Amino acid sequence: MRSTNKKFISALACASAMTALAIVDPMGVTKTHQVAQAATDNVPARSAGVDVSSWQSTNLNQQAKSGAQFAVVKVSEGTNYQNPNAQGQIQSAEQNNMMTMGYHYTHFGSDSNRAVQEGNYAVNSAQQAGLPQGSYLATDWEQDVNNNTNGSVAANTNAITSFMDTVHDGGYNPMLYSNEWLLKNKVDTNKISEKYPNALWVAKYKTNGREDNPDFNYFPSMDNVAIWQYTQNWRGQNVDGNVNVVPLSNKTNTNNNTSNNAANTNNSNANNGQSSSQAPARPNTNKPAEKPSTNTNVNSDWTKQNGVFVTGGAINLRTGASTNSKVIAELPANSEVKYDAYRTIGQYTWLRQPRANNEYGYLVGRNNGQAWGTFKEGSATASKPAETKPANKPAKPTNKPSTNTNVNSDWTKQNGVFVTGGAINLRTGASTNSKVIAMLPTNTEIKYDAYRTEGQYTWLRQPRANGQYGYLVGRDNGQAWGTFKEGSATASKPAETKPANKPAKPTNKPSTNTNVNSDWTKQNGVFVTGGAINLRTGASTNSKVIAMLPTNTEIKYDAYRTEGQYTWLRQPRANGQYGYLVGRDNGQAWGTFKEGSAKATNAVANKPVQQTTPKQVNTNNNASWTKQNGTFITGGAINLRTGASTNSKVIAMLPTNTEIKYDAYRTEGQYTWLRQPRANGQYGYLVGRDNGQAWGTFKEGSAKATNAVANKPVQQTTPKQVNTNNNASWTKQNGTFITGGAINLRTGASTTSPIIETLPINTVIKYDAYYRSGNYVWLRQPRANGQYGYLVGRLNNQAWGTYR
């Protein structure tokens, strides 16, 4: 399983069962066997399956030909990420006669409220991706920088159950995925299985290498297991391999056999096509008050009518016809909802949507007679209602559709395709004041039929359902916010009025400057960053940032140029684009130039944004500060600022477990600020307490601000290590590790060692040895001057990235 940042669950052990398959042996010779074809809605026990995310393509033909009979597709993560490949992967699975399921990578940890939010988001994402109602939809609950599994067993279990309940209410069959160790030590699986029998999907790997078939002698000894994930490299295809140990079915089945245990893994006669892992209808003991009854009759208050309603904006689908009822999902603009009745209550006309298990969902179709979308022919045309206004107004659509369908003299007709270079808002009109329909993620392909320049922006028009349009910015002052495919808009640089609200800018806008003119000196060289440096779309500190390059990043450049105090380096990128970074400031190198690289002379002028120690105006040492030399260890990510105010500029984001030495503290309002001495007589400031509650750990002798409590932060997940470093307990091995998320590089193999830097996701680290200490496997990275950096490669045998 992988998160947005492509982090493996890579833990513990593996194997996947399949008889009659096409198998590729290590020599690459295909051995032909009969391949069993899956039924789209059910698979017998001991069938092979894969799970896929954005790391895999939308074409699952190879997996199907190799014998996969089901596919579990990642649909979403947290509350702000959807797998861009999900829809294509689901369609490909169906085309290959594979049963489809879904999973959501969680961030809720032990927070039940957030679990409900993520459950709604997962249901909504699954619907958008085309996952059929009644399909399995799992919560992927594992230790991650965004998902803290160190809450109490009760809190963890309650949060997971809340997510599964929400998924069930949304019309899907919930499952729980995690590795064996977490399920046995951090979750009350008996409590979950009482409500949702045979709904566990457990990961346990026999090896971390390739596995073609499961070794059931290594099966995790657990009850209520539906699926076993036994490898992260199934049949050499670099995809997770799974085997279902009970029959699976996407068809509704409330007559479940709840007696699943390790013994039934040896039962080969479970082939009736009905799933004993199918979750039963949610027990009445935990049914929310506002949940509609299963009475399908329409009484005198409801008017029967079969119709279709197309939402004109984001509208909440609820468990009852009340704004106080729980939200099942937020339906995005242009969602088609089939309803069988409507009813007017106060100012609202509610529509009733039939759902699985004789349940219903309810949404507002009209407010004071005004439609919140489009009713297709034959749908409800209730007149304007009256009377009592409800206490809580439901979420109104955030994206009323545009009524402008004409291409007038301001619009230029052109059919083209635009690929977003970063997150860009899709709006209801060509204005930054127009409502947002959706936030388009990076690399989204948008088909447009016209473009128009207004002020500094070139807008693209996207045809949508029912003759409506969506609008997005394609260029800002002539600079593309993504990539135009051949034949697309090439509008010249616009001018004039800057709009009041600038839309969300992409984080990686490519530069349009591809020429080496007289100002640039051609030179092929390699530059190794000496600290965090911004890579930009142009040779200016005002240019947009493509990425923050961490320390020791190797950059290949093809030219350099000195402008003012800076010497800029130019990095060739994809599609003839370039990235730009500062190599020198006033002739002082910001890193190391390898042999043959730019030896630029001393330069002058503009101070870059990258400077990490901005000038302070607050000298601070007055009566309102209490002098105290102490050490504070951050309990989570905390901003270090230029002043003791949340409005002050951020110098850096301090990661969890960063040790900060401070010389004074001061309480202002709810916050107790700590003052950190820095270079050149400057200071950095960070919050140590909020309303007396510590945001980390104060070492002995540190600030004892009034109204404080000694709460240990939940973020702290790493026990103290003993640093043995360069002795016989290290095993020599030259290898390469790619981080699967943000990981601290430290000065020693201990979680209490100072942090050199936080390595971002997908950082390539070359190491020369590894060492096991407690539940951690540490990797050792050779650095300059015979020094080393140390990072965690595994926790409880679970890889924190990919080993090459």
# chains A, B, ... in the order shown; residues from 1 in each chain; ligands from 1

$ residues_around --residues "region 176-186 of chain A" --least-positions-apart "3" --cutoff "10 Å" --atoms "only C-alpha atoms" --output "PyMOL selection string"
chain A and resi 1+9-13+103-105+137-143+149-157+160-161+163-164+189+192-193+196+198-205+220-222+225-229+796+798

$ closest_atom_pairs --of "region 101-123 of chain A" --to "region 78-96 of chain A" --cutoff "7 Å" --atoms "only C-alpha atoms" --output "Markdown table"
| residue | atom | partner | partner_atom | distance |
| --- | --- | --- | --- | --- |
| A:Tyr105 | CA | A:Gly78 | CA | 6.6 |
| A:Thr106 | CA | A:Gly78 | CA | 5.4 |
| A:His107 | CA | A:Gly78 | CA | 5.1 |
| A:Glu118 | CA | A:Thr79 | CA | 5.7 |
| A:Tyr121 | CA | A:Thr79 | CA | 6.0 |

$ atom_distance --atom1 "CA of Ile546 (chain A)" --atom2 "CA of Arg570 (chain A)"
13.1 Å

$ residues_around --residues "Gln133 (chain A)" --least-positions-apart "6" --cutoff "10 Å" --atoms "only C-alpha atoms" --output "mmCIF file with C-alpha atoms, in the first residue's frame"
data_model
loop_
_atom_site.group_PDB
_atom_site.id
_atom_site.type_symbol
_atom_site.label_atom_id
_atom_site.label_comp_id
_atom_site.auth_asym_id
_atom_site.auth_seq_id
_atom_site.Cartn_x
_atom_site.Cartn_y
_atom_site.Cartn_z
ATOM 1 C CA VAL A 123 -17.144 7.584 -0.167
ATOM 2 C CA ALA A 126 -15.090 6.309 -4.622
ATOM 3 C CA GLN A 127 -18.299 7.514 -6.241
ATOM 4 C CA GLY A 170 -22.323 5.587 2.220
ATOM 5 C CA GLY A 171 -23.353 2.340 0.538
ATOM 6 C CA TYR A 172 -20.007 0.487 0.540
ATOM 7 C CA ASN A 173 -18.756 -2.565 2.422
ATOM 8 C CA ASN A 250 -19.677 -7.174 -4.174
ATOM 9 C CA LYS A 251 -23.276 -8.325 -4.007
ATOM 10 C CA THR A 252 -25.316 -7.462 -0.939
ATOM 11 C CA ARG A 355 -29.430 3.597 -1.458
ATOM 12 C CA ALA A 356 -28.184 0.107 -0.562
#

$ select_by_dssp --residues "region 114-260 of chain A" --states "alpha helix (DSSP H)" --output "ChimeraX atom specification"
/A:114-129,153-169,180-185,189-195

$ write_last_selection --atoms "C-alpha atoms" --output "short mmCIF file (atom, residue, chain, number, x, y, z; two decimals), in the first residue's frame"
data_model
loop_
_atom_site.label_atom_id
_atom_site.label_comp_id
_atom_site.auth_asym_id
_atom_site.auth_seq_id
_atom_site.Cartn_x
_atom_site.Cartn_y
_atom_site.Cartn_z
CA ARG A 114 -11.63 13.27 11.57
CA ALA A 115 -12.32 9.62 10.75
CA VAL A 116 -15.91 10.52 9.89
CA GLN A 117 -14.71 13.38 7.69
CA GLU A 118 -12.29 11.07 5.90
CA GLY A 119 -14.98 8.41 5.59
CA ASN A 120 -17.25 10.88 3.81
CA TYR A 121 -14.38 11.99 1.62
CA ALA A 122 -13.53 8.38 0.76
CA VAL A 123 -17.14 7.58 -0.17
CA ASN A 124 -17.37 10.71 -2.31
CA SER A 125 -14.04 9.91 -3.98
CA ALA A 126 -15.09 6.31 -4.62
CA GLN A 127 -18.30 7.51 -6.24
CA GLN A 128 -16.43 9.98 -8.43
CA ALA A 129 -13.97 7.28 -9.49
CA VAL A 153 -6.12 0.83 21.56
CA ALA A 154 -9.62 2.03 22.45
CA ALA A 155 -9.20 5.40 20.71
CA ASN A 156 -7.64 3.79 17.63
CA THR A 157 -10.43 1.22 17.43
CA ASN A 158 -13.17 3.82 17.88
CA ALA A 159 -11.72 5.99 15.12
CA ILE A 160 -11.40 3.05 12.72
CA THR A 161 -14.95 1.94 13.51
CA SER A 162 -16.22 5.49 12.89
CA PHE A 163 -14.61 5.44 9.46
CA MET A 164 -16.05 2.00 8.68
CA ASP A 165 -19.52 3.07 9.87
CA THR A 166 -19.36 6.10 7.58
CA VAL A 167 -18.32 3.94 4.65
CA HIS A 168 -21.17 1.54 5.40
CA ASP A 169 -23.66 4.42 5.57
CA GLU A 180 -0.17 -7.80 11.43
CA TRP A 181 1.80 -6.10 14.21
CA LEU A 182 -0.43 -3.01 14.30
CA LEU A 183 -3.61 -5.07 14.15
CA LYS A 184 -2.47 -7.23 17.05
CA ASN A 185 -1.00 -4.48 19.21
CA THR A 189 -9.87 -6.40 16.12
CA ASN A 190 -12.42 -8.45 18.10
CA LYS A 191 -14.55 -5.35 18.62
CA ILE A 192 -14.34 -4.46 14.93
CA SER A 193 -15.11 -8.03 13.88
CA GLU A 194 -18.19 -8.14 16.10
CA LYS A 195 -19.69 -5.39 13.97
#

$ residues_around --residues "Leu460 (chain A)" --least-positions-apart "4" --cutoff "7 Å" --atoms "only C-alpha atoms" --output "JSON, numbers by chain"
{"A": [448, 450, 451, 452, 471, 472, 473, 474]}

$ atom_distance --atom1 "CA of Gly313 (chain A)" --atom2 "CA of Asp111 (chain A)"
29.0 Å

$ residues_around --residues "Ala559 (chain A)" --least-positions-apart "5" --cutoff "8 Å" --atoms "only C-alpha atoms" --output "list in words"
Val516, Trp520, Thr521, Lys522, Gln523, Asn524, Leu569, Arg570 and Gln571 of chain A

$ atom_distance --atom1 "CA of Ser322 (chain A)" --atom2 "CA of Gly346 (chain A)"
10.3 Å

$ residues_around --residues "Gln733 (chain A)" --least-positions-apart "4" --cutoff "7 Å" --atoms "only C-alpha atoms" --output "ChimeraX atom specification"
/A:768-770

$ closest_residue --among "A:Ile315, A:Leu363, A:Ile328, A:Met98" --to "Ile345 (chain A)" --atoms "only C-alpha atoms"
A:Leu363

$ decode --residues "region 106-212 of chain A" --atoms "C-alpha atoms" --output "PDB file, in the first residue's frame"
ATOM      1  CA  THR A 106      -5.958   7.472   6.299  1.00  0.00           C
ATOM      2  CA  HIS A 107      -4.634  10.446   8.231  1.00  0.00           C
ATOM      3  CA  PHE A 108      -7.061  10.266  11.173  1.00  0.00           C
ATOM      4  CA  GLY A 109      -4.964   8.145  13.591  1.00  0.00           C
ATOM      5  CA  SER A 110      -7.133   7.940  16.720  1.00  0.00           C
ATOM      6  CA  ASP A 111      -9.361  10.962  15.948  1.00  0.00           C
ATOM      7  CA  SER A 112     -12.941   9.720  15.496  1.00  0.00           C
ATOM      8  CA  ASN A 113     -14.251  13.086  14.285  1.00  0.00           C
ATOM      9  CA  ARG A 114     -11.635  13.271  11.571  1.00  0.00           C
ATOM     10  CA  ALA A 115     -12.319   9.619  10.751  1.00  0.00           C
ATOM     11  CA  VAL A 116     -15.910  10.518   9.892  1.00  0.00           C
ATOM     12  CA  GLN A 117     -14.713  13.376   7.688  1.00  0.00           C
ATOM     13  CA  GLU A 118     -12.290  11.067   5.903  1.00  0.00           C
ATOM     14  CA  GLY A 119     -14.978   8.415   5.585  1.00  0.00           C
ATOM     15  CA  ASN A 120     -17.255  10.877   3.810  1.00  0.00           C
ATOM     16  CA  TYR A 121     -14.383  11.995   1.616  1.00  0.00           C
ATOM     17  CA  ALA A 122     -13.531   8.380   0.759  1.00  0.00           C
ATOM     18  CA  VAL A 123     -17.144   7.584  -0.167  1.00  0.00           C
ATOM     19  CA  ASN A 124     -17.368  10.709  -2.308  1.00  0.00           C
ATOM     20  CA  SER A 125     -14.041   9.906  -3.979  1.00  0.00           C
ATOM     21  CA  ALA A 126     -15.090   6.309  -4.622  1.00  0.00           C
ATOM     22  CA  GLN A 127     -18.299   7.514  -6.241  1.00  0.00           C
ATOM     23  CA  GLN A 128     -16.431   9.982  -8.426  1.00  0.00           C
ATOM     24  CA  ALA A 129     -13.973   7.282  -9.486  1.00  0.00           C
ATOM     25  CA  GLY A 130     -16.833   5.004 -10.524  1.00  0.00           C
ATOM     26  CA  LEU A 131     -16.498   2.336  -7.819  1.00  0.00           C
ATOM     27  CA  PRO A 132     -19.888   0.565  -7.795  1.00  0.00           C
ATOM     28  CA  GLN A 133     -22.056   0.868  -4.696  1.00  0.00           C
ATOM     29  CA  GLY A 134     -21.826  -2.278  -2.587  1.00  0.00           C
ATOM     30  CA  SER A 135     -18.129  -2.719  -3.356  1.00  0.00           C
ATOM     31  CA  TYR A 136     -15.554  -3.138  -0.615  1.00  0.00           C
ATOM     32  CA  LEU A 137     -13.947   0.124   0.508  1.00  0.00           C
ATOM     33  CA  ALA A 138     -11.093  -0.303   2.993  1.00  0.00           C
ATOM     34  CA  THR A 139      -9.401   2.052   5.391  1.00  0.00           C
ATOM     35  CA  ASP A 140      -5.623   1.785   5.001  1.00  0.00           C
ATOM     36  CA  TRP A 141      -4.532   2.466   8.590  1.00  0.00           C
ATOM     37  CA  GLU A 142      -0.763   2.373   9.086  1.00  0.00           C
ATOM     38  CA  GLN A 143       2.005   4.338  10.784  1.00  0.00           C
ATOM     39  CA  ASP A 144       2.890   7.388   8.722  1.00  0.00           C
ATOM     40  CA  VAL A 145       3.984  10.981   9.231  1.00  0.00           C
ATOM     41  CA  ASN A 146       0.315  11.875   8.680  1.00  0.00           C
ATOM     42  CA  ASN A 147      -1.237   8.988  10.614  1.00  0.00           C
ATOM     43  CA  ASN A 148      -0.203   8.499  14.228  1.00  0.00           C
ATOM     44  CA  THR A 149      -1.015   4.976  15.383  1.00  0.00           C
ATOM     45  CA  ASN A 150       0.240   5.536  18.939  1.00  0.00           C
ATOM     46  CA  GLY A 151      -3.099   6.452  20.455  1.00  0.00           C
ATOM     47  CA  SER A 152      -4.713   4.082  22.906  1.00  0.00           C
ATOM     48  CA  VAL A 153      -6.123   0.825  21.562  1.00  0.00           C
ATOM     49  CA  ALA A 154      -9.623   2.031  22.452  1.00  0.00           C
ATOM     50  CA  ALA A 155      -9.202   5.398  20.710  1.00  0.00           C
ATOM     51  CA  ASN A 156      -7.636   3.786  17.631  1.00  0.00           C
ATOM     52  CA  THR A 157     -10.432   1.223  17.433  1.00  0.00           C
ATOM     53  CA  ASN A 158     -13.175   3.823  17.883  1.00  0.00           C
ATOM     54  CA  ALA A 159     -11.722   5.989  15.121  1.00  0.00           C
ATOM     55  CA  ILE A 160     -11.403   3.045  12.724  1.00  0.00           C
ATOM     56  CA  THR A 161     -14.948   1.940  13.515  1.00  0.00           C
ATOM     57  CA  SER A 162     -16.221   5.491  12.894  1.00  0.00           C
ATOM     58  CA  PHE A 163     -14.609   5.440   9.457  1.00  0.00           C
ATOM     59  CA  MET A 164     -16.055   2.001   8.678  1.00  0.00           C
ATOM     60  CA  ASP A 165     -19.519   3.071   9.866  1.00  0.00           C
ATOM     61  CA  THR A 166     -19.359   6.102   7.585  1.00  0.00           C
ATOM     62  CA  VAL A 167     -18.316   3.937   4.647  1.00  0.00           C
ATOM     63  CA  HIS A 168     -21.171   1.540   5.404  1.00  0.00           C
ATOM     64  CA  ASP A 169     -23.659   4.421   5.570  1.00  0.00           C
ATOM     65  CA  GLY A 170     -22.323   5.587   2.220  1.00  0.00           C
ATOM     66  CA  GLY A 171     -23.353   2.340   0.538  1.00  0.00           C
ATOM     67  CA  TYR A 172     -20.007   0.487   0.540  1.00  0.00           C
ATOM     68  CA  ASN A 173     -18.756  -2.565   2.422  1.00  0.00           C
ATOM     69  CA  PRO A 174     -16.026  -1.506   4.872  1.00  0.00           C
ATOM     70  CA  MET A 175     -12.730  -3.282   5.421  1.00  0.00           C
ATOM     71  CA  LEU A 176      -9.707  -2.536   7.612  1.00  0.00           C
ATOM     72  CA  TYR A 177      -6.200  -2.852   6.159  1.00  0.00           C
ATOM     73  CA  SER A 178      -2.989  -2.771   8.208  1.00  0.00           C
ATOM     74  CA  ASN A 179       0.029  -4.905   9.010  1.00  0.00           C
ATOM     75  CA  GLU A 180      -0.167  -7.800  11.428  1.00  0.00           C
ATOM     76  CA  TRP A 181       1.801  -6.100  14.211  1.00  0.00           C
ATOM     77  CA  LEU A 182      -0.431  -3.010  14.295  1.00  0.00           C
ATOM     78  CA  LEU A 183      -3.614  -5.069  14.150  1.00  0.00           C
ATOM     79  CA  LYS A 184      -2.475  -7.233  17.051  1.00  0.00           C
ATOM     80  CA  ASN A 185      -0.996  -4.480  19.215  1.00  0.00           C
ATOM     81  CA  LYS A 186      -2.794  -1.227  18.386  1.00  0.00           C
ATOM     82  CA  VAL A 187      -6.350  -2.262  17.442  1.00  0.00           C
ATOM     83  CA  ASP A 188      -9.108  -4.251  19.139  1.00  0.00           C
ATOM     84  CA  THR A 189      -9.875  -6.403  16.115  1.00  0.00           C
ATOM     85  CA  ASN A 190     -12.424  -8.447  18.098  1.00  0.00           C
ATOM     86  CA  LYS A 191     -14.551  -5.345  18.620  1.00  0.00           C
ATOM     87  CA  ILE A 192     -14.339  -4.462  14.927  1.00  0.00           C
ATOM     88  CA  SER A 193     -15.107  -8.026  13.882  1.00  0.00           C
ATOM     89  CA  GLU A 194     -18.195  -8.139  16.103  1.00  0.00           C
ATOM     90  CA  LYS A 195     -19.688  -5.386  13.975  1.00  0.00           C
ATOM     91  CA  TYR A 196     -18.040  -6.237  10.644  1.00  0.00           C
ATOM     92  CA  PRO A 197     -17.145  -9.941  10.559  1.00  0.00           C
ATOM     93  CA  ASN A 198     -14.359 -11.093   8.254  1.00  0.00           C
ATOM     94  CA  ALA A 199     -13.441  -7.562   7.233  1.00  0.00           C
ATOM     95  CA  LEU A 200      -9.708  -7.624   8.004  1.00  0.00           C
ATOM     96  CA  TRP A 201      -7.117  -7.202   5.263  1.00  0.00           C
ATOM     97  CA  VAL A 202      -3.753  -7.990   6.810  1.00  0.00           C
ATOM     98  CA  ALA A 203      -0.239  -7.419   5.483  1.00  0.00           C
ATOM     99  CA  LYS A 204       2.515  -9.807   6.455  1.00  0.00           C
ATOM    100  CA  TYR A 205       5.501 -10.497   4.205  1.00  0.00           C
ATOM    101  CA  LYS A 206       7.669 -13.588   4.300  1.00  0.00           C
ATOM    102  CA  THR A 207      10.418 -11.712   2.438  1.00  0.00           C
ATOM    103  CA  ASN A 208      10.837  -8.214   1.048  1.00  0.00           C
ATOM    104  CA  GLY A 209      11.635  -9.554  -2.396  1.00  0.00           C
ATOM    105  CA  ARG A 210       9.589 -11.031  -5.191  1.00  0.00           C
ATOM    106  CA  GLU A 211       6.901 -13.555  -4.277  1.00  0.00           C
ATOM    107  CA  ASP A 212       4.736 -15.221  -6.903  1.00  0.00           C
TER     108      ASP A 212
END
